[in-house]
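Peer 1: Structure in structure tokens, see below.
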Amino acid sequence: MAQDQTADAFMAQLRTHQSDEELRKIQRYFKAGEGDYGAGDVFIGVKMGTLFKVSEGYLAMPVEELEKLLEDEVHEARAGALSIMGKAATAKGCSAQRLKDLYGLYLRRHDRINNWDLVDLAAWRVVGRYLWDRPRDVLYRLARSDSLWERRTAILATLHFALKGDHDDSYAIAEILLDDPHDLTHKAVGWALRTCDKDRPRLEAFLEKHGATMARTTLRAALEHFELERRAYFMGLKVAGGQ
């Protein structure tokens with residue numbers, strides 16, 4: 001593990017991996033500055049795989065240093081913070097206090113978690129993990145937020161529950177978000193429903209009820225593990241519903 005668990009040390013190490021070619025790729029991929037995709041973000045050009053590897057050396061970074069990374073205008077700095085937070089929350093030996101602190105930071109600075117990749121790095125690992133044995137009311141508040149990224153957090157946090165066999169919140173929040181206007185929410189809802197596939201009868205009942213009216217992106221993702229014939233049946237409901 002890196003000796004100096006600071007934001008400055010992390011960024012200094014990250015910048016040694018900067019690449020102009022990678023910067024061009026990232027800017028095309030994230031559509032920087034357009035609409036909801038990283039508007040105002042600055043990229044330095046570091047491969048995500050490299051960033052994840054570097055973050056493994058900073059799992060003991062204090063919350064105040066992680067917050068410095070979240071406050072940075074550089075997208076990779078914030079991605080690093082969320083990568084560290086997600087890895088630290090699921091690391092063997094993560095204390096209850098450490099998890100609570102990471103959860104508190106995530107929610108308190110959600111204003112800096114402003115792109116799909118940032119949410120995906122820690123929503124279920126930090127928020128879902130912390131709420132596993134606690135009241136989950138906060139997820140329903142986030143699901144009704146005006147912020148696309150808070151809504152995405154709400155549904156993706158339920159992946160932690162669903163992977164453990166508790167599907168109730170995934171379905172309840174999915175219902176709240178079925179009419180969401182944004183494709184990035186549609187995808188996240190579909191992934192959450194797909195994760196509930198271990199209880200196939202319940203998933204099929206949900207799709208029977210909502211399949212004809214839910215976004216096609218959601219339906220496709222939810223059906224990913226279905227056999228071809230059953231997938232065609234549920235996609236047919238969408239056609240029959242005139243959507």
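In the structure tokens, the first chain shown is A, the next is B, and so on; residue numbers restart at 1 for each chain, and ligands run from 1 in the order shown.
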List as a PyMOL selection string the protein and nucleic acid residues near Ile113 (chain A), meaning an atom at most 10 Å away when only C-alpha atoms are counted, but skip any in the same chain fewer than 2 places from it.
Peer 2: chain A and resi 38+70-71+75+78-79+81-82+106-107+109-111+115-120+122+149-150+153
Peer 1: For the selection just defined, write its residues with C-alpha atoms to a file, as a PDB file, in the first residue's frame.
Peer 2:
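The new file out.pdb reads:
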ATOM      1  CA  GLY A  38     -19.570  15.321 -17.714  1.00  0.00           C
ATOM      2  CA  LEU A  70     -14.033  14.731  -5.234  1.00  0.00           C
ATOM      3  CA  GLU A  71     -13.630  18.510  -5.274  1.00  0.00           C
ATOM      4  CA  HIS A  75     -12.645  13.771 -13.856  1.00  0.00           C
ATOM      5  CA  ARG A  78     -13.132  11.988  -8.868  1.00  0.00           C
ATOM      6  CA  ALA A  79     -13.133   8.592 -10.563  1.00  0.00           C
ATOM      7  CA  ALA A  81     -11.981   8.796  -5.254  1.00  0.00           C
ATOM      8  CA  LEU A  82     -14.994   6.649  -6.105  1.00  0.00           C
ATOM      9  CA  TYR A 106     -20.822   9.656  -0.833  1.00  0.00           C
ATOM     10  CA  LEU A 107     -24.191  11.164   0.099  1.00  0.00           C
ATOM     11  CA  ARG A 109     -20.828  15.122  -1.775  1.00  0.00           C
ATOM     12  CA  HIS A 110     -23.199  13.654  -4.319  1.00  0.00           C
ATOM     13  CA  ASP A 111     -22.948  17.030  -6.036  1.00  0.00           C
ATOM     14  CA  ASN A 115     -21.502  11.184 -14.266  1.00  0.00           C
ATOM     15  CA  TRP A 116     -22.625   7.605 -14.817  1.00  0.00           C
ATOM     16  CA  ASP A 117     -19.200   6.062 -14.325  1.00  0.00           C
ATOM     17  CA  LEU A 118     -18.734   7.765 -10.966  1.00  0.00           C
ATOM     18  CA  VAL A 119     -22.055   6.451  -9.669  1.00  0.00           C
ATOM     19  CA  ASP A 120     -21.324   2.960 -10.951  1.00  0.00           C
ATOM     20  CA  ALA A 122     -19.414   2.980  -5.658  1.00  0.00           C
ATOM     21  CA  TRP A 149     -27.217  10.830 -10.843  1.00  0.00           C
ATOM     22  CA  GLU A 150     -29.059  10.537  -7.518  1.00  0.00           C
ATOM     23  CA  THR A 153     -27.560   5.815  -7.263  1.00  0.00           C
TER      24      THR A 153
END
Peer 1: Give me, as a tab-separated table, each residue of region 116-148 of chain A that comes within 10 Å of region 172-195 of chain A, together with its shortest interatomic pair and the distance in Å at one decimal, counting only C-alpha atoms, with rows ordered by chain and rising residue number.
Peer 2:
residue	atom	partner	partner_atom	distance
A:Trp116	CA	A:Leu184	CA	7.5
A:Asp120	CA	A:Ala188	CA	9.3
A:Leu139	CA	A:Ile173	CA	8.0
A:Tyr140	CA	A:Ile173	CA	6.8
A:Leu142	CA	A:Ile173	CA	9.7
A:Ala143	CA	A:Ile173	CA	6.7
A:Arg144	CA	A:Ile176	CA	7.6
A:Leu148	CA	A:Thr185	CA	7.3
Peer 1: Find, counting only C-alpha atoms, the residue in A:Glu76, A:Glu64, A:Glu21, A:Asp133 that gets nearest to Ile44 (chain A).
Peer 2: A:Glu76
Peer 1: Could you check the closest approach to Gly80 (chain A) for each of A:Gln3, A:Gln27, A:Ser55, A:Ser147 and tell me which residue wins, using only C-alpha atoms?
Peer 2: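 Of A:Gln3, A:Gln27, A:Ser55, A:Ser147, the one nearest Gly80 (chain A) is A:Ser55, counting only C-alpha atoms.
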Peer 1: Select, from A:Cys196, A:Val126, A:Ala205, A:Ile84, the residue with the minimum atom-to-atom distance to Asp101 (chain A), counting only C-alpha atoms.
Peer 2: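 Checking each of A:Cys196, A:Val126, A:Ala205, A:Ile84 against Asp101 (chain A), counting only C-alpha atoms, the winner is A:Val126.
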Peer 1: According to DSSP computed on the backbone, where in region 12-182 of chain A is there alpha helix (DSSP H)? Give the residues as a PyMOL selection string.
Peer 2: chain A and resi 12-15+20-30+48-55+63-71+75-90+96-108+116-122+129-131+137-143+148-163+168-177
Peer 1: When you count only C-alpha atoms, which of these residues is closest to Gly165 (chain A): A:Trp132, A:Leu121, A:Phe10, A:Met85?
Peer 2: A:Trp132
Peer 1: Pick out the closest residue to Tyr58 (chain A) from this set: A:Arg15, A:Ala9, A:Lys25, A:Asp72. Count only C-alpha atoms.
Peer 2: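 Among the listed residues, the smallest separation from Tyr58 (chain A) belongs to A:Ala9.
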Peer 1: How far is it from CA of Val74 (chain A) to CA of Leu156 (chain A), in Å with one decimal?
Peer 2: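 These atoms are spaced 24.1 Å apart.
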Peer 1: Can you measure CA of Gly128 (chain A) to CA of Tyr103 (chain A) for me? One decimal in Å is fine.
Peer 2: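 It comes out at 9.1 Å.
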Peer 1: Do a neighbour search on Ala89 (chain A) at 7 Å with only C-alpha atoms, toss out local chain neighbours closer than 5 positions, and write the hits as a list in words.
Peer 2: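 The contact residues come out as Cys94, Leu99, Arg125 and Val126 of chain A.
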